[in-house]
Structures are given as structure tokens and as C-alpha cells.
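K.L.:
Provided herewith: upload.cif, mmCIF, C-alpha atoms.
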```
data_run
loop_
_atom_site.label_atom_id
_atom_site.label_comp_id
_atom_site.auth_asym_id
_atom_site.auth_seq_id
_atom_site.Cartn_x
_atom_site.Cartn_y
_atom_site.Cartn_z
CA MET A 114 86.54 105.72 17.79
CA THR A 115 83.93 107.71 15.92
CA GLY A 116 83.04 111.38 15.95
CA ASP A 117 84.12 114.66 14.42
CA GLY A 118 87.84 114.52 13.77
CA PHE A 119 89.93 116.76 11.58
CA ARG A 120 88.77 116.56 7.99
CA GLN A 121 91.00 119.23 6.46
CA PHE A 122 94.78 119.05 6.76
CA VAL A 123 96.71 122.16 5.74
CA LEU A 124 100.20 120.87 5.00
CA LYS A 125 103.02 123.36 4.48
CA VAL A 126 105.23 122.32 1.59
CA HIS A 127 107.44 125.42 1.67
CA SER A 128 107.81 128.06 4.39
CA ARG A 129 109.07 130.91 2.20
CA CYS A 130 107.43 132.98 -0.55
CA ASN A 131 108.69 134.66 -3.71
CA LEU A 132 106.19 137.50 -3.27
CA ALA A 133 106.10 140.29 -0.70
CA CYS A 134 102.41 141.23 -0.73
CA THR A 135 101.88 144.40 1.26
CA TYR A 136 99.07 142.90 3.34
CA CYS A 137 100.54 139.43 3.98
CA TYR A 138 99.51 138.23 7.43
CA ILE A 139 102.24 135.58 7.66
CA TYR A 140 105.40 137.48 6.75
CA ARG A 141 104.26 140.88 8.01
CA GLY A 142 102.48 139.64 11.13
CA PRO A 143 103.79 139.39 14.70
CA ASP A 144 104.33 135.62 14.61
CA ARG A 145 107.78 135.06 13.09
CA SER A 146 108.05 131.33 13.72
CA TRP A 147 108.46 130.76 9.98
CA ARG A 148 112.01 132.12 10.28
CA ASP A 149 113.07 129.16 12.41
CA ARG A 150 111.53 126.45 10.27
CA PRO A 151 113.11 124.53 7.39
CA HIS A 152 112.41 126.01 4.00
CA HIS A 153 110.58 122.88 2.85
CA ALA A 154 109.11 119.71 4.29
CA ASP A 155 111.48 116.77 3.86
CA GLU A 156 110.50 113.23 2.98
CA ARG A 157 110.60 112.09 6.62
CA THR A 158 108.14 114.80 7.65
CA MET A 159 105.86 114.03 4.73
CA ARG A 160 105.80 110.31 5.51
CA GLN A 161 105.19 110.81 9.22
CA THR A 162 102.44 113.35 8.58
CA ALA A 163 100.80 110.95 6.13
CA HIS A 164 101.01 108.19 8.75
CA ARG A 165 99.33 110.42 11.35
CA ILE A 166 96.58 111.37 8.90
CA ALA A 167 95.93 107.70 8.12
CA GLU A 168 95.86 106.90 11.83
CA HIS A 169 93.29 109.66 12.38
CA VAL A 170 91.18 108.62 9.39
CA GLU A 171 91.03 105.05 10.64
CA ALA A 172 90.27 106.05 14.23
CA HIS A 173 87.35 108.23 13.16
CA ARG A 174 86.19 105.95 10.35
CA MET A 175 86.31 108.76 7.82
CA ARG A 176 85.30 108.19 4.26
CA ALA A 177 87.05 111.27 2.90
CA VAL A 178 89.57 113.96 3.84
CA ARG A 179 90.80 117.15 2.26
CA ILE A 180 94.49 117.93 1.87
CA ASP A 181 95.47 121.56 1.22
CA LEU A 182 99.11 122.01 0.26
CA HIS A 183 100.24 125.50 1.21
CA GLY A 184 103.23 127.74 1.84
CA GLY A 185 104.65 130.32 1.62
CA GLU A 186 104.62 129.46 -2.02
CA PRO A 187 104.35 125.67 -2.33
CA LEU A 188 105.74 125.60 -5.89
CA LEU A 189 109.06 127.27 -5.02
CA THR A 190 110.85 123.95 -5.45
CA GLY A 191 108.71 122.81 -8.36
CA PRO A 192 105.78 120.41 -8.51
CA GLU A 193 107.57 117.25 -7.33
CA PRO A 194 107.43 117.93 -3.54
CA VAL A 195 103.73 118.79 -3.88
CA VAL A 196 103.06 115.55 -5.74
CA ALA A 197 105.19 113.58 -3.28
CA TYR A 198 103.20 114.90 -0.29
CA ALA A 199 99.90 114.08 -1.99
CA ASP A 200 101.12 110.61 -2.91
CA ALA A 201 102.35 109.95 0.63
CA VAL A 202 98.91 110.69 2.07
CA ARG A 203 97.04 108.68 -0.55
CA GLU A 204 99.31 105.69 -0.04
CA ALA A 205 98.96 105.83 3.74
CA VAL A 206 95.20 106.17 4.22
CA PRO A 207 92.97 103.08 4.29
CA ASP A 208 91.72 101.73 0.97
CA GLY A 209 88.54 103.41 -0.16
CA THR A 210 89.24 106.74 1.57
CA GLY A 211 88.54 109.69 -0.69
CA VAL A 212 91.42 112.18 -0.70
CA THR A 213 90.84 115.57 -2.32
CA VAL A 214 94.12 117.43 -2.80
CA THR A 215 94.46 121.12 -3.61
CA VAL A 216 97.58 123.25 -3.88
CA GLN A 217 97.11 126.97 -3.19
CA THR A 218 99.57 129.05 -5.20
CA ASN A 219 100.22 132.67 -6.12
CA GLY A 220 100.47 131.44 -9.71
CA THR A 221 103.80 133.03 -10.60
CA LEU A 222 105.53 129.66 -11.03
CA LEU A 223 102.67 127.82 -12.71
CA THR A 224 103.90 126.94 -16.20
CA SER A 225 102.27 124.50 -18.59
CA PRO A 226 104.56 121.57 -17.65
CA VAL A 227 104.09 122.27 -13.93
CA LEU A 228 100.32 122.40 -14.33
CA ASP A 229 100.27 119.18 -16.33
CA ARG A 230 102.33 117.42 -13.65
CA LEU A 231 99.95 118.54 -10.91
CA ALA A 232 96.79 117.83 -12.87
CA ASP A 233 97.98 114.40 -13.97
CA ALA A 234 98.64 113.62 -10.29
CA GLY A 235 95.04 114.47 -9.44
CA ILE A 236 95.87 117.72 -7.68
CA GLN A 237 93.54 120.71 -7.97
CA VAL A 238 95.11 124.17 -8.27
CA GLY A 239 93.79 127.26 -6.50
CA LEU A 240 95.00 130.78 -7.26
CA SER A 241 95.35 133.71 -4.87
CA LEU A 242 94.82 137.13 -6.46
CA ASP A 243 93.03 140.39 -5.81
CA GLY A 244 91.22 140.83 -9.09
CA GLY A 245 91.54 140.22 -12.79
CA THR A 246 93.60 143.28 -13.75
CA ALA A 247 97.11 144.58 -13.14
CA ALA A 248 95.83 147.55 -11.13
CA LEU A 249 93.78 145.40 -8.78
CA ASN A 250 96.86 143.29 -8.03
CA ALA A 251 99.15 146.22 -7.32
CA ARG A 252 99.66 145.03 -3.73
CA ARG A 253 100.90 141.62 -4.89
CA ILE A 254 104.55 142.34 -5.72
CA ASP A 255 107.81 140.42 -5.49
CA HIS A 256 110.70 141.24 -3.17
CA ALA A 257 112.11 143.69 -5.71
CA GLY A 258 108.80 145.51 -5.99
CA ARG A 259 107.93 144.07 -9.39
CA PRO A 260 104.31 143.22 -10.22
CA SER A 261 103.20 139.60 -10.14
CA TRP A 262 100.22 140.12 -12.43
CA PRO A 263 101.78 139.16 -15.81
CA ALA A 264 102.75 135.71 -14.48
CA VAL A 265 99.45 135.25 -12.64
CA ARG A 266 97.45 136.20 -15.72
CA ARG A 267 99.31 133.48 -17.61
CA ALA A 268 98.53 131.00 -14.84
CA ALA A 269 94.82 131.84 -14.86
CA ARG A 270 94.66 131.43 -18.63
CA LEU A 271 96.49 128.10 -18.44
CA LEU A 272 94.03 126.79 -15.89
CA ALA A 273 90.93 128.02 -17.72
CA ARG A 274 91.99 127.00 -21.22
CA HIS A 275 94.53 124.20 -20.87
CA ARG A 276 93.53 122.23 -17.76
CA PRO A 277 90.10 123.35 -16.53
CA ASP A 278 89.78 119.91 -14.92
CA ALA A 279 92.40 120.99 -12.36
CA TYR A 280 91.08 124.52 -11.73
CA ALA A 281 90.01 124.75 -8.07
CA GLY A 282 89.16 128.45 -8.02
CA ILE A 283 90.35 131.84 -6.80
CA LEU A 284 90.85 133.31 -3.33
CA CYS A 285 90.50 137.10 -3.11
CA THR A 286 91.07 139.29 -0.06
CA VAL A 287 88.57 142.15 0.02
CA ASP A 288 89.91 145.68 -0.31
CA PRO A 289 87.12 148.23 0.25
CA ALA A 290 89.09 150.82 -1.73
CA THR A 291 88.39 148.83 -4.90
CA ASP A 292 85.22 148.72 -6.96
CA PRO A 293 83.45 145.44 -6.12
CA ALA A 294 81.85 145.33 -9.55
CA GLU A 295 85.24 145.60 -11.23
CA VAL A 296 86.71 142.94 -8.95
CA TYR A 297 83.84 140.50 -9.40
CA ARG A 298 83.61 140.90 -13.16
CA SER A 299 87.36 140.76 -13.73
CA LEU A 300 87.66 137.63 -11.59
CA ARG A 301 84.63 136.19 -13.35
CA ALA A 302 86.48 136.70 -16.62
CA GLN A 303 89.20 134.32 -15.41
CA ALA A 304 86.58 131.52 -15.63
CA PRO A 305 87.08 130.10 -12.12
CA PRO A 306 84.66 127.39 -11.00
CA SER A 307 84.63 129.00 -7.57
CA LEU A 308 85.56 132.24 -5.82
CA ASP A 309 86.04 133.06 -2.17
CA PHE A 310 86.06 136.59 -0.81
CA LEU A 311 88.08 136.80 2.39
CA LEU A 312 87.90 139.53 4.99
CA PRO A 313 91.47 140.67 5.79
CA HIS A 314 93.00 139.11 8.88
CA GLN A 315 92.72 142.03 11.28
CA HIS A 316 91.83 142.26 14.96
CA TRP A 317 91.18 144.83 17.68
CA GLY A 318 94.86 145.77 17.88
CA ALA A 319 94.15 148.52 15.38
CA ARG A 320 91.23 149.97 17.34
CA PRO A 321 89.75 149.35 20.79
CA PRO A 322 86.96 146.77 21.19
CA GLY A 323 83.50 147.99 22.04
CA ARG A 324 82.19 149.93 19.05
CA HIS A 325 80.68 147.35 16.79
CA ARG A 326 76.91 147.84 16.49
CA PRO A 327 76.09 150.12 14.79
CA ALA A 328 79.26 151.15 13.01
CA PRO A 329 80.46 151.94 9.48
CA THR A 330 80.51 148.89 7.25
CA PRO A 331 83.01 149.37 4.37
CA TYR A 332 83.63 145.64 3.92
CA GLY A 333 79.97 144.78 4.36
CA ASP A 334 78.95 147.36 1.76
CA TRP A 335 81.55 145.98 -0.66
CA LEU A 336 80.35 142.43 -0.09
CA ALA A 337 76.69 143.43 -0.47
CA THR A 338 77.39 144.86 -3.93
CA ALA A 339 79.37 141.77 -4.90
CA PHE A 340 76.59 139.55 -3.54
CA ASP A 341 74.03 141.24 -5.79
CA LEU A 342 76.24 140.79 -8.84
CA TRP A 343 76.62 137.11 -8.03
CA TRP A 344 72.95 136.62 -7.04
CA ASN A 345 71.75 138.20 -10.28
CA ASP A 346 74.29 136.35 -12.42
CA GLY A 347 72.12 133.87 -14.25
CA ALA A 348 74.78 132.45 -16.54
CA PRO A 349 75.26 128.66 -16.41
CA ASP A 350 78.96 129.09 -15.67
CA ARG A 351 78.40 131.39 -12.68
CA PRO A 352 81.11 130.58 -10.14
CA ARG A 353 80.27 129.33 -6.69
CA VAL A 354 81.21 132.06 -4.20
CA ARG A 355 82.00 130.22 -1.00
CA LEU A 356 81.29 133.01 1.50
CA PHE A 357 77.94 133.76 -0.11
CA THR A 358 76.83 130.15 -0.46
CA GLU A 359 77.77 129.49 3.17
CA ILE A 360 75.75 132.49 4.36
CA VAL A 361 72.75 131.47 2.25
CA ALA A 362 72.93 127.90 3.54
CA LEU A 363 73.07 129.11 7.15
CA LEU A 364 70.15 131.48 6.63
CA LEU A 365 68.14 128.55 5.32
CA GLY A 366 68.95 126.40 8.33
CA GLY A 367 72.03 124.55 7.11
CA SER A 368 75.48 124.29 8.68
CA SER A 369 78.76 125.93 7.78
CA ARG A 370 81.88 124.37 6.30
CA THR A 371 84.20 127.32 6.81
CA ASP A 372 85.69 129.18 9.76
CA ALA A 373 84.54 132.51 8.30
CA VAL A 374 80.90 132.16 9.39
CA GLY A 375 78.65 129.80 11.30
CA LEU A 376 79.02 127.85 14.53
CA SER A 377 80.20 124.50 13.17
CA PRO A 378 83.41 123.17 14.75
CA ILE A 379 86.60 124.01 12.90
CA THR A 380 87.79 120.77 11.31
CA ALA A 381 91.11 122.05 9.93
CA VAL A 382 94.57 121.63 11.39
CA VAL A 383 97.97 122.84 10.14
CA VAL A 384 101.25 120.94 9.84
CA GLU A 385 104.31 123.12 9.32
CA THR A 386 107.41 122.16 7.32
CA ASP A 387 109.10 120.74 10.42
CA GLY A 388 106.09 118.62 11.39
CA THR A 389 104.82 121.04 14.02
CA ILE A 390 101.05 120.81 14.53
CA GLU A 391 99.44 124.25 14.70
CA ARG A 392 96.09 125.97 14.81
CA ILE A 393 94.64 127.92 11.88
CA ASP A 394 97.10 130.24 10.12
CA SER A 395 95.05 133.41 10.62
CA LEU A 396 96.08 133.33 14.28
CA LYS A 397 99.58 134.39 13.20
CA THR A 398 98.16 137.93 13.15
CA ALA A 399 97.38 137.94 16.88
CA PHE A 400 100.68 137.58 18.74
CA PRO A 401 103.89 135.51 18.59
CA GLY A 402 103.08 131.86 19.20
CA ALA A 403 99.31 132.28 18.86
CA PRO A 404 98.92 129.25 16.53
CA ALA A 405 101.26 127.03 18.59
CA THR A 406 100.17 123.85 20.35
CA GLY A 407 103.54 122.39 21.39
CA LEU A 408 102.68 119.25 19.42
CA ASP A 409 104.29 117.67 16.37
CA VAL A 410 103.62 114.67 14.16
CA PHE A 411 106.69 112.78 15.40
CA ARG A 412 105.60 112.72 19.05
CA ASN A 413 101.86 113.31 18.89
CA SER A 414 98.75 112.02 17.13
CA PHE A 415 96.04 114.18 15.63
CA ASP A 416 93.70 112.85 18.30
CA GLU A 417 95.98 114.45 20.89
CA ALA A 418 95.76 117.68 18.90
CA LEU A 419 91.99 117.35 18.77
CA ARG A 420 91.89 117.30 22.60
CA HIS A 421 94.39 120.13 23.03
CA PRO A 422 92.74 123.08 24.86
CA ARG A 423 93.94 125.62 22.28
CA ILE A 424 92.33 123.62 19.49
CA ALA A 425 89.26 122.60 21.47
CA VAL A 426 88.30 126.26 21.88
CA LEU A 427 88.18 126.59 18.08
CA ARG A 428 85.58 123.84 18.04
CA ALA A 429 83.42 125.10 20.90
CA GLY A 430 80.89 127.01 18.79
CA LEU A 431 78.61 129.27 20.80
CA ASP A 432 80.45 128.49 24.05
CA ALA A 433 83.61 130.15 22.70
CA LEU A 434 81.84 133.48 22.17
CA GLY A 435 81.48 136.38 24.55
CA GLU A 436 78.17 137.58 25.94
CA VAL A 437 77.72 140.29 23.30
CA CYS A 438 77.95 137.73 20.50
CA ARG A 439 75.77 135.13 22.21
CA ASP A 440 72.99 137.71 22.53
CA CYS A 441 73.25 138.89 18.92
CA PRO A 442 70.30 138.09 16.63
CA VAL A 443 72.58 136.98 13.76
CA VAL A 444 75.00 134.85 15.80
CA ARG A 445 73.92 131.51 14.33
CA VAL A 446 74.81 132.78 10.87
CA CYS A 447 77.79 134.97 11.76
CA GLY A 448 79.21 132.53 14.31
CA GLY A 449 81.40 135.31 15.64
CA GLY A 450 83.35 135.38 12.40
CA ASN A 451 86.92 134.16 12.08
CA TYR A 452 88.36 133.34 15.51
CA ALA A 453 91.50 135.43 14.96
CA HIS A 454 89.43 138.52 14.18
CA ARG A 455 88.09 138.55 17.77
CA TYR A 456 91.46 139.08 19.43
CA ALA A 457 92.09 142.26 21.45
CA PRO A 458 95.62 142.95 22.75
CA PRO A 459 94.42 145.01 25.75
CA THR A 460 92.60 141.97 27.16
CA GLY A 461 94.75 139.24 25.62
CA HIS A 462 91.77 137.07 24.77
CA PHE A 463 89.40 136.27 21.89
CA ARG A 464 86.01 136.64 23.59
CA HIS A 465 85.20 139.85 21.75
CA PRO A 466 83.00 140.41 18.72
CA SER A 467 84.86 140.18 15.42
CA VAL A 468 86.64 143.36 14.42
CA HIS A 469 84.50 142.94 11.28
CA CYS A 470 81.29 142.52 13.29
CA PRO A 471 79.30 145.34 11.63
CA ASP A 472 80.44 144.20 8.18
CA LEU A 473 79.33 140.63 8.84
CA GLU A 474 75.93 141.77 10.07
CA ARG A 475 75.59 144.00 7.01
CA ILE A 476 76.22 141.22 4.47
CA ILE A 477 74.15 138.67 6.41
CA ARG A 478 71.11 140.93 6.61
CA HIS A 479 71.55 141.92 2.97
CA ALA A 480 71.65 138.27 1.90
CA ALA A 481 68.60 137.57 4.07
CA ASP A 482 66.71 140.37 2.35
CA ARG A 483 67.57 139.02 -1.07
CA ILE A 484 66.43 135.54 -0.07
CA GLY A 485 63.33 137.06 1.46
CA GLU A 486 62.44 138.73 -1.81
CA GLN A 487 62.20 135.29 -3.37
CA LEU A 488 60.66 133.48 -0.43
CA SER A 489 58.31 136.30 0.56
CA VAL A 490 59.55 136.38 4.12
CA SER A 491 61.33 139.09 6.04
CA SER A 492 64.99 139.14 7.04
CA ARG A 493 63.85 139.26 10.66
CA SER A 494 62.34 135.79 10.38
CA LEU A 495 65.47 134.47 8.66
CA VAL A 496 67.92 135.65 11.30
#
```
Please express the file's structure as C-alpha cells.

P.N.:
Amino acid sequence: MTGDGFRQFVLKVHSRCNLACTYCYIYRGPDRSWRDRPHHADERTMRQTAHRIAEHVEAHRMRAVRIDLHGGEPLLTGPEPVVAYADAVREAVPDGTGVTVTVQTNGTLLTSPVLDRLADAGIQVGLSLDGGTAALNARRIDHAGRPSWPAVRRAARLLARHRPDAYAGILCTVDPATDPAEVYRSLRAQAPPSLDFLLPHQHWGARPPGRHRPAPTPYGDWLATAFDLWWNDGAPDRPRVRLFTEIVALLLGGSSRTDAVGLSPITAVVVETDGTIERIDSLKTAFPGAPATGLDVFRNSFDEALRHPRIAVLRAGLDALGEVCRDCPVVRVCGGGNYAHRYAPPTGHFRHPSVHCPDLERIIRHAADRIGEQLSVSSRSLV
């Protein structure tokens, strides 16, 4: 079999977290399935998941896959389970298959020995934080209300100075109440090779669908300012900002490699600590059971998951969008935004514009204008 299979496997190492971030979409969202799952993936689950990945790789004749080891906080039981999961996949896939492994951590447990163990095992380390200062990370606290920043600052310094070869980058959720210049520059100071600015996982449950164009654009304005700082940053060590590079690529006729923008099929699938196969994590914000498929790695293959109706809709591109989105002039760049952001409880479906629709249009048109300044063409012709 050939074709577009899953190319990114998000494997949950641990289902609990040592932080209690005020905006966490997993532990503060309506889907509480994490409560019923084992705290960590056991060896049997790891081996079976690795077997299913290898089976999928062989069936689709893939040359490379990406493994993202997540939680909760995946380092809660130290680096060994993370390394064991990575090793299980690498040992299972056919010879010659490239396997890129990244662990996404809040950084609080990343000591020098832990980092060395991960780096020596060929595992890249990504950090999640909201900026490069204590104040910007005020929402990232532990269960006793204590700040996480001192430990995360240590982790960022370790990565930048001790093992830059293992530094994957930083994920940052946008908060429009912050100064984008302060956020960008303070994150830039952490010397990450890449950044990604994420729109918060919200949907129409907070406000009724319908008012989206025109509308206020607090996130879009924030992103436009950050885009200019990045665009004008001529230093050789300028980080790659994933959202911005994806938008630029789409404006220039390329395809997307993220579920945040573009119409490319989602190629990611999630495996929970008990081996359950689920849809993208952001769906946990919609309603209880929204990510569920009813499948697991012990009874089902990833090809079965690929054909599952609830996963197929994530890969349907333009056909998954409502009429308003299909008629929008920026749809081929926006792609409707993150699937979870289109959900509206009154209707119970996802065929609405993104709750961040005006913000997405704002940053897309702004990026088009900046490109147009260099290419001497208008944003209208780009979108």
C-alpha cells in the first residue's frame, strides 16, 4: 500500500503533570478521560505501539516518521521511559527508516544528567513556556501555586549552552494581554533554533458563532507585531517561527505541515498511555470524548485509524469546511484554522469558521503585505 499515512505519532509517556497552568486545555477542559488512564505507558504498550508504527511505515513505504513524546509531563518518571519508547520505535521500524524523536517538556525536571541522557539517545527537547521572563510565565505554576520559571530558565540555559545539539525549540501560547515585542525578544534571548506561536485552544462555546468578519483581532494584532519583529530580524541565528514560515509558504503556493493553517491533511495521530488511539489533543477542549475513536493499538492498526470517520474528517481539507469558509478569499492559506477551534456547542458540529477567524485573516493579510513589499505585488493577488 502507498499513499498518505500518518507521519507524526504523538505518544503519551505520562498522563499527569506537575504544573497546573491556568489555561491548560487538557486538565481544565471538558474531556476528563485522562483521569481513567494509567499514569504512564508500560513496556507492553510501548512495544505494541512501536509494532503498529512499524506496520504502518512498511504498508505506506515511508522513508521517515516523527515521534513526539508528550504528557502531561513526560519526564515525571525521569528520562528512561522516554528513551525506552524512542528505542522501541527505532528497533521496530524497517531498516533505513528515519525516525526523528522529540520530547515536549515544561522544563521543570530537565537537569544536566537528564538532558545528557536524552541527547545521547538522539532525542530532541522542546520547551513549553510563555516568554523569557518570570512575569510572562506567571500563568505556569505548580499545584501549590509556585512559579515554574526558575526551573524553566535553568532548562533553557542548559539547552542553549550545554546541549544545543538537542534543542528543538520553544512552544508559546499567545496571550494578547502581553507585549508581543517583549515576548519575542525574551524568547529570542533563550537562543531557540525555532519558535511556534500557538493560538489558545478555544471554540464558540465562549461566544455564539456568526460574528467573524469583520471583528476585533487581538490575537491577529499581536501576531502581526511579532511577525514584523521576526521578518525584520536579520541576524544569522534568527529562529524559525513555524506559524509564520507556514503562512509565508502557503502564500507563495506551497503546502502546510501543521494543523494550524492550510488545507493539507492532518498526518498526526495520538496514542494515550493505555494504548488508546485518539485524534488531535486540541479536541479535548470541545466536549467529553471528542478525541475518541474507540480504537487501540492492541486491537487495531493505524490503517484502521486512518479510515475511521472521525479521523478522516480531519484529513478532508476544503470538504470539511462550512460554506462561509469555502467562500473566503484566504481559505487556502487559513485552511479554516485548527479543527477544534471551529466547534460550536449550540450546533454540536465543527463546520463553523474558527473562533479565531478574524485573527487568522489579520495575520495572513499582514504577512501577504510584507511579502508584497518585497515582491512588488499586492496582498490581493497573493490571497

K.L.:
Let me make sure I understand: among A:Thr330, A:Gly318, A:Ala480, A:Asp416, which one has the smallest atom-to-atom distance to Glu359 (chain A) if we use only C-alpha atoms?

P.N.:
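So, comparing all the options, the nearest one is A:Ala480.
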
K.L.:
Between CA of Asp288 (chain A) and CA of Thr215 (chain A), measure the distance and give it in Å to one decimal.

P.N.:
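CA of Thr215 (chain A) lies 25.2 Å from CA of Asp288 (chain A).
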
K.L.:
To verify the selection step, state as a list of chain:residue names which residues the PyMOL selection byres ((chain A and resi 444) around 10) yields on this input.

P.N.:
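Applied to this file, the PyMOL selection byres ((chain A and resi 444) around 10) selects A:Val374, A:Gly375, A:Leu376, A:Leu431, A:Leu434, A:Val437, A:Cys438, A:Arg439, A:Asp440, A:Cys441, A:Pro442, A:Val443, A:Arg445, A:Val446, A:Cys447, A:Gly448, A:Gly449, A:Gly450, A:Glu474, A:Val496.
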
K.L.:
Given the choices A:Leu342, A:Leu312, A:Ala268, A:Ala281, which gets closest to Pro293 (chain A) if the distance is worked out from all atoms listed in the file?

P.N.:
A:Leu342

K.L.:
What is the CA of Ala247 (chain A)-CA of Pro260 (chain A) distance in Å, reported with one decimal?

P.N.:
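The value is 7.9 Å.
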
K.L.:
Step by step, work through what the PyMOL selection byres ((chain A and resi 188-190) around 10) selects in the shown file, and finish by giving those residues as a ChimeraX atom specification.

P.N.:
/A:126-131,152-153,182-187,191-195,216-223,227

K.L.:
Would you write out those residues with C-alpha atoms, as a CSV table (one decimal), in the coordinates of the input?

P.N.:
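Full text of again.csv as output:
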```csv
chain,number,residue,atom,x,y,z
A,126,VAL,CA,105.2,122.3,1.6
A,127,HIS,CA,107.4,125.4,1.7
A,128,SER,CA,107.8,128.1,4.4
A,129,ARG,CA,109.1,130.9,2.2
A,130,CYS,CA,107.4,133.0,-0.6
A,131,ASN,CA,108.7,134.7,-3.7
A,152,HIS,CA,112.4,126.0,4.0
A,153,HIS,CA,110.6,122.9,2.8
A,182,LEU,CA,99.1,122.0,0.3
A,183,HIS,CA,100.2,125.5,1.2
A,184,GLY,CA,103.2,127.7,1.8
A,185,GLY,CA,104.6,130.3,1.6
A,186,GLU,CA,104.6,129.5,-2.0
A,187,PRO,CA,104.4,125.7,-2.3
A,191,GLY,CA,108.7,122.8,-8.4
A,192,PRO,CA,105.8,120.4,-8.5
A,193,GLU,CA,107.6,117.2,-7.3
A,194,PRO,CA,107.4,117.9,-3.5
A,195,VAL,CA,103.7,118.8,-3.9
A,216,VAL,CA,97.6,123.2,-3.9
A,217,GLN,CA,97.1,127.0,-3.2
A,218,THR,CA,99.6,129.0,-5.2
A,219,ASN,CA,100.2,132.7,-6.1
A,220,GLY,CA,100.5,131.4,-9.7
A,221,THR,CA,103.8,133.0,-10.6
A,222,LEU,CA,105.5,129.7,-11.0
A,223,LEU,CA,102.7,127.8,-12.7
A,227,VAL,CA,104.1,122.3,-13.9
```

K.L.:
Exactly which residues make up the result of the PyMOL selection byres ((chain A and resi 201) around 9) on this file, given as a PyMOL selection string?

P.N.:
chain A and resi 159-160+162-164+196-200+202-206

K.L.:
Figure out the distance between CA of Leu419 (chain A) and CA of Gly388 (chain A), please, to one decimal in Å.

P.N.:
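Taking CA of Gly388 (chain A) as the start and CA of Leu419 (chain A) as the end point, the length is 16.0 Å.
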
K.L.:
Calculated over all atoms listed in the file, which of the candidates A:Glu486, A:Ser467, A:Arg252, A:Phe357 has the smallest distance to Gly435 (chain A)?

P.N.:
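Selected residue with least distance to Gly435 (chain A): A:Ser467.
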
K.L.:
So that I can check the surroundings of Ile477 (chain A), please list as a list in words every protein, DNA and RNA residue that reaches within 10 Å of it, counting all atoms listed in the file and ignoring chain neighbours fewer than 4 positions away.

P.N.:
Gly333, Leu336, Ala337, Phe357, Ile360, Val361, Leu363, Leu364, Val374, Val443, Val446, Cys447, Pro471, Asp472, Leu473, Ala481, Asp482, Arg483, Ser492, Leu495 and Val496 of chain A

K.L.:
With distances taken over all atoms listed in the file, which residue among A:Ala167, A:Leu249, A:Ala264, A:Ala373 lies nearest Ala294 (chain A)?

P.N.:
A:Leu249

K.L.:
Select, from A:Leu488, A:Ala403, A:Leu408, A:Ala234, the residue with the minimum atom-to-atom distance to Tyr452 (chain A), counting only C-alpha atoms.

P.N.:
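Comparing A:Leu488, A:Ala403, A:Leu408, A:Ala234 against Tyr452 (chain A), the winner is A:Ala403.
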
K.L.:
Just checking: using all atoms listed in the file, which residue out of A:Gly461, A:Pro327, A:Gly245, A:Val287 ends up closest to Arg267 (chain A)?

P.N.:
A:Gly245

K.L.:
Could you give me, as a tab-separated table, a per-residue list for region 347-380 of chain A showing, wherever an atom lies at most 12 Å from an atom of region 117-125 of chain A, the closest pair of atoms and their distance in Å to one decimal, using all atoms listed in the file and sorting by chain then residue number from low to high?

P.N.:
```
residue	atom	partner	partner_atom	distance
A:Arg370	CA	A:Gln121	CA	10.5
A:Thr371	CA	A:Gln121	CA	10.6
A:Asp372	CA	A:Gln121	CA	11.8
A:Ser377	CA	A:Asp117	CA	10.7
A:Pro378	CA	A:Asp117	CA	8.5
A:Ile379	CA	A:Phe119	CA	8.1
A:Thr380	CA	A:Phe119	CA	4.6
```

K.L.:
Using only C-alpha atoms - which residues lie no farther than 6 Å from the point (98.5, 127.2, 14.3) in the file's frame? Write them as a PyMOL selection string.

P.N.:
chain A and resi 391-394+404-405

K.L.:
As a ChimeraX atom specification, please: the residues near Ala433 (chain A) (cut-off 8 Å, all atoms listed in the file, same-chain neighbours under 5 positions excluded).

P.N.:
/A:426-427,464
